[in-house]
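Contents: one structure, followed by commentary.
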Amino acid sequence: MKHADIKAAAEALFNEQRNPFGIGSETHHAVTIPDAVRRCRWIAVDINASAFGLYFVSPSPERARLVPSFDSDYPATAVATKFIAGANGEEMVRHSGTSTAPRWWADDGIAGSDTVFQNLAWAERAAPLAPGTNGIAFPVHADRGHCGLVVFLGSTIALPEDMLYEIHARCFSLFAAVARIRPSDASRMRSISKRELECLKLTANGNTSEEIARLLKLSVHTANQYLTQSTQKLNAVNRNQAVAKALRLGLIE
């Protein structure tokens, strides 16, 4: 089969935005995040990646972004993750919403280090998600509208084309398992209104209910009502915890 035929067949399969592989090797439920981290590390070892991370696309009505679930420094957060979850990941967010074709980059300054990726027939080059790194990002989707990325970094990644389908299948299955750990969070996030998020954001900036009401031209009672509703939807015990959760989930900045 010609290169172009392989790419066309892959795109037709992957653009359905679901796991096109059927059952993968990580389909059993991940009971905890540490369990999921361990499984992701197995995948990284198989392709000789030195780092990895799993990200959800936040459903923020203001600006979708990548929200880290974990990375290879778990329970800490790697420096690369901060770049990926920031402005560097915006283009990849848009891509993951329309396609499941993998994206790769090579920015380590080592001549020839991008050769392994250039040989992948239907994976496309992208701007680096983290400066000074080489890597590949696999867009993934799961039930209830979840989508995200599984990212692998490393200057010596070894990923032959005949392994690409298997690795992507395992990423799909791993992501589905992680999404099942906290399905209620996703449903609550999607139900939060733009006005409720505005009130949370202003609270995060240190504004009182009276100040929020004045800024949004609301009554104090209505501003408090929005804050109460968002606190309940985030399953938080008070406004401060609601703000912390919203920041962590990428709903506000």
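Please note that chains go A, B, ... in the order of the structure tokens, that every chain numbers its residues from 1, and that ligands are numbered from 1 in the order shown.
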### Query
Quick one: residues within 12 Å of A:Ile167, only C-alpha atoms counted, chain neighbours fewer than 3 positions away excluded, as an MDAnalysis selection string?
chainID A and resid 19 21 24:26 39:40 42:47 102 136:140 150:152 158:164 170:174
For the residues in that selection, give me N, CA, C and O atoms as a compact mmCIF listing (two decimals), in the first residue's frame.
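selection31.txt, freshly written:
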```
# COMPACT_ATOMS: atom_id res chain seq x y z
N ASN A 19 -12.45 5.31 19.92
CA ASN A 19 -11.38 4.32 19.84
C ASN A 19 -11.63 3.43 18.64
O ASN A 19 -12.55 2.61 18.65
N PHE A 21 -9.82 1.07 17.57
CA PHE A 21 -9.06 -0.16 17.65
C PHE A 21 -9.81 -1.30 18.33
O PHE A 21 -9.33 -2.41 18.39
N GLY A 24 -8.26 -2.59 23.84
CA GLY A 24 -6.83 -2.41 23.99
C GLY A 24 -6.34 -3.12 25.25
O GLY A 24 -7.10 -3.76 25.96
N SER A 25 -5.05 -2.96 25.53
CA SER A 25 -4.47 -3.70 26.65
C SER A 25 -4.68 -3.02 27.99
O SER A 25 -4.32 -3.57 29.01
N GLU A 26 -5.22 -1.80 27.99
CA GLU A 26 -5.49 -1.11 29.25
C GLU A 26 -6.98 -0.90 29.48
O GLU A 26 -7.41 0.07 30.09
N ARG A 39 0.44 2.53 34.38
CA ARG A 39 0.14 2.01 33.04
C ARG A 39 0.69 2.92 31.95
O ARG A 39 1.17 2.44 30.91
N CYS A 40 0.62 4.22 32.17
CA CYS A 40 1.17 5.15 31.19
C CYS A 40 2.68 5.00 31.12
O CYS A 40 3.28 5.11 30.04
N TRP A 42 4.30 2.26 31.53
CA TRP A 42 4.57 1.07 30.71
C TRP A 42 4.60 1.42 29.23
O TRP A 42 5.46 0.95 28.48
N ILE A 43 3.64 2.24 28.80
CA ILE A 43 3.61 2.64 27.40
C ILE A 43 4.87 3.44 27.06
O ILE A 43 5.50 3.23 26.02
N ALA A 44 5.26 4.36 27.95
CA ALA A 44 6.45 5.18 27.72
C ALA A 44 7.70 4.30 27.58
O ALA A 44 8.54 4.54 26.72
N VAL A 45 7.80 3.29 28.43
CA VAL A 45 8.94 2.38 28.36
C VAL A 45 8.98 1.66 27.01
O VAL A 45 10.04 1.50 26.39
N ASP A 46 7.81 1.27 26.51
CA ASP A 46 7.74 0.53 25.25
C ASP A 46 8.19 1.35 24.06
O ASP A 46 8.60 0.79 23.04
N ILE A 47 8.09 2.68 24.13
CA ILE A 47 8.54 3.52 23.01
C ILE A 47 9.78 4.33 23.36
O ILE A 47 10.16 5.25 22.64
N PRO A 102 -2.37 11.69 15.33
CA PRO A 102 -1.29 12.12 16.22
C PRO A 102 -0.52 13.31 15.64
O PRO A 102 -0.45 13.50 14.43
N ILE A 136 5.46 13.37 20.96
CA ILE A 136 4.30 13.02 20.15
C ILE A 136 3.06 13.05 21.04
O ILE A 136 3.11 12.64 22.20
N ALA A 137 1.99 13.61 20.51
CA ALA A 137 0.73 13.75 21.25
C ALA A 137 -0.35 12.93 20.55
O ALA A 137 -0.56 13.08 19.35
N PHE A 138 -1.03 12.08 21.31
CA PHE A 138 -2.11 11.26 20.79
C PHE A 138 -3.46 11.82 21.26
O PHE A 138 -3.78 11.72 22.44
N PRO A 139 -4.26 12.42 20.37
CA PRO A 139 -5.61 12.83 20.76
C PRO A 139 -6.45 11.61 21.12
O PRO A 139 -6.38 10.58 20.43
N VAL A 140 -7.23 11.72 22.17
CA VAL A 140 -8.04 10.58 22.65
C VAL A 140 -9.42 11.06 23.04
O VAL A 140 -9.61 12.23 23.41
N VAL A 150 -2.76 12.24 25.25
CA VAL A 150 -1.71 11.51 25.96
C VAL A 150 -0.41 11.88 25.25
O VAL A 150 -0.28 11.69 24.04
N VAL A 151 0.52 12.45 26.00
CA VAL A 151 1.74 13.02 25.42
C VAL A 151 2.96 12.26 25.92
O VAL A 151 3.07 11.94 27.11
N PHE A 152 3.89 12.00 25.00
CA PHE A 152 5.17 11.36 25.34
C PHE A 152 6.30 12.24 24.85
O PHE A 152 6.27 12.76 23.73
N ALA A 158 11.46 5.73 20.25
CA ALA A 158 11.51 4.73 19.17
C ALA A 158 10.09 4.27 18.89
O ALA A 158 9.50 3.54 19.70
N LEU A 159 9.54 4.69 17.77
CA LEU A 159 8.15 4.39 17.46
C LEU A 159 8.01 4.00 15.99
O LEU A 159 7.68 4.82 15.13
N PRO A 160 8.26 2.72 15.68
CA PRO A 160 8.06 2.28 14.29
C PRO A 160 6.60 2.41 13.87
O PRO A 160 5.70 2.36 14.72
N GLU A 161 6.38 2.58 12.59
CA GLU A 161 5.02 2.79 12.10
C GLU A 161 4.10 1.63 12.44
O GLU A 161 2.92 1.84 12.73
N ASP A 162 4.62 0.41 12.47
CA ASP A 162 3.74 -0.73 12.75
C ASP A 162 3.34 -0.80 14.23
O ASP A 162 2.47 -1.58 14.61
N MET A 163 3.95 0.05 15.10
CA MET A 163 3.55 0.10 16.51
C MET A 163 2.57 1.23 16.79
O MET A 163 1.98 1.29 17.87
N LEU A 164 2.43 2.15 15.84
CA LEU A 164 1.67 3.36 16.09
C LEU A 164 0.22 3.07 16.46
O LEU A 164 -0.34 3.66 17.39
N ARG A 170 -3.74 1.83 23.08
CA ARG A 170 -3.51 1.78 24.52
C ARG A 170 -3.76 3.14 25.17
O ARG A 170 -4.27 3.23 26.28
N CYS A 171 -3.45 4.22 24.44
CA CYS A 171 -3.73 5.56 24.95
C CYS A 171 -5.23 5.80 25.06
O CYS A 171 -5.72 6.37 26.04
N PHE A 172 -6.00 5.38 24.04
CA PHE A 172 -7.45 5.49 24.09
C PHE A 172 -8.00 4.77 25.32
O PHE A 172 -8.84 5.30 26.06
N SER A 173 -7.55 3.55 25.52
CA SER A 173 -8.08 2.74 26.61
C SER A 173 -7.70 3.30 27.97
O SER A 173 -8.50 3.31 28.91
N LEU A 174 -6.46 3.78 28.08
CA LEU A 174 -6.01 4.38 29.33
C LEU A 174 -6.82 5.64 29.64
O LEU A 174 -7.27 5.85 30.77
```
### Task
Excluding A:Val178 and residues on its chain fewer than 3 positions from it, collect all residues at most 7 Å away from it, counting only C-alpha atoms, and give them as a list of chain:residue names.
A:Ala30, A:Ala36, A:Leu174, A:Phe175, A:Ile181
Next, write the just-selected residues to a file, as a CSV table (one decimal), in the first residue's frame, keeping C-alpha atoms as the atom set.
```csv
chain,number,residue,atom,x,y,z
A,30,ALA,CA,-8.0,2.0,36.5
A,36,ALA,CA,-3.1,4.9,35.7
A,174,LEU,CA,-6.0,4.4,29.3
A,175,PHE,CA,-7.8,7.7,28.8
A,181,ILE,CA,-12.5,7.6,37.7
```
### All residues 6 Å or closer to A:Leu153, only C-alpha atoms, same chain fewer than 6 positions away omitted, as a list in words
Ala49, Ser50, Ala51, Phe52, Asn134 and Gly135 of chain A
### Query
How would you write, as a PyMOL selection string, the set of residues in stretch 38-180 of chain A that DSSP gives as strand (DSSP E)?
chain A and resi 51-57+66-71+103-106+124-125+134-141+147-153
### Neighbour list for stretch 71-76 of chain A as an MDAnalysis selection string, cut-off 8 Å, only C-alpha atoms, skip fewer than 4 positions in-chain
chainID A and resid 37 41 51:54 81
For A:Ala127, list every protein, DNA or RNA residue within 10 Å, evaluated using only C-alpha atoms, and leave out those in the same chain fewer than 6 positions away; present the list as a PDB file with N, CA and C atoms, in the first residue's frame.
```pdb
ATOM      1  N   ASN A  88       0.897  27.107  24.981  1.00  0.00           N
ATOM      2  CA  ASN A  88       1.487  26.198  24.000  1.00  0.00           C
ATOM      3  C   ASN A  88       0.513  25.124  23.544  1.00  0.00           C
ATOM      4  N   GLY A  89      -0.465  24.785  24.387  1.00  0.00           N
ATOM      5  CA  GLY A  89      -1.370  23.689  24.059  1.00  0.00           C
ATOM      6  C   GLY A  89      -2.634  24.103  23.337  1.00  0.00           C
ATOM      7  N   GLU A  91      -3.341  25.260  20.261  1.00  0.00           N
ATOM      8  CA  GLU A  91      -3.529  24.715  18.920  1.00  0.00           C
ATOM      9  C   GLU A  91      -3.862  23.226  18.979  1.00  0.00           C
ATOM     10  N   MET A  92      -3.230  22.503  19.917  1.00  0.00           N
ATOM     11  CA  MET A  92      -3.503  21.076  20.048  1.00  0.00           C
ATOM     12  C   MET A  92      -4.918  20.837  20.558  1.00  0.00           C
ATOM     13  N   ARG A 103       0.051  14.108  16.527  1.00  0.00           N
ATOM     14  CA  ARG A 103       0.910  15.233  16.151  1.00  0.00           C
ATOM     15  C   ARG A 103       2.265  15.065  16.841  1.00  0.00           C
ATOM     16  N   TRP A 104       3.334  15.399  16.139  1.00  0.00           N
ATOM     17  CA  TRP A 104       4.668  15.269  16.709  1.00  0.00           C
ATOM     18  C   TRP A 104       5.455  16.559  16.510  1.00  0.00           C
ATOM     19  N   TRP A 105       6.545  16.706  17.258  1.00  0.00           N
ATOM     20  CA  TRP A 105       7.438  17.840  17.113  1.00  0.00           C
ATOM     21  C   TRP A 105       8.848  17.419  17.502  1.00  0.00           C
ATOM     22  N   ALA A 106       9.833  18.151  17.017  1.00  0.00           N
ATOM     23  CA  ALA A 106      11.238  17.884  17.341  1.00  0.00           C
ATOM     24  C   ALA A 106      11.927  19.226  17.531  1.00  0.00           C
ATOM     25  N   ASP A 107      12.303  19.536  18.771  1.00  0.00           N
ATOM     26  CA  ASP A 107      12.846  20.846  19.105  1.00  0.00           C
ATOM     27  C   ASP A 107      14.033  20.733  20.052  1.00  0.00           C
TER      28      ASP A 107
END
```
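The interatomic distance for the pair atom CA of A:Pro68 and atom CA of A:His95 works out to 17.2 Å.
Of the residues listed (A:Asn240, A:Ser113, A:Asn119, A:Thr32), A:Asn240 shows the shortest atom-to-atom separation from A:Asn205; distances use only C-alpha atoms.
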### Summary
Closest of A:Glu90, A:Ala213, A:Ser96, A:Pro34 to A:Phe70, counting only C-alpha atoms, is A:Pro34
### Task
Could you tell me, as number ranges by chain, which residues of stretch 44-171 of chain A DSSP assigns to alpha helix (DSSP H) when given the backbone?
A: 44-46, 79-84, 90-96, 115-118, 161-171
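Nearest residue to A:Ala130 among A:Ile157, A:Leu218, A:Gly86, A:Glu198 is A:Gly86, counting only C-alpha atoms.
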### Message
I'd like the neighbourhood of A:Leu66 as a VMD selection string, where a residue qualifies if any of its atoms comes within 6 Å (using only C-alpha atoms), though same-chain residues fewer than 6 positions away should be ignored.
### Response
chain A and resid 55 to 57 85
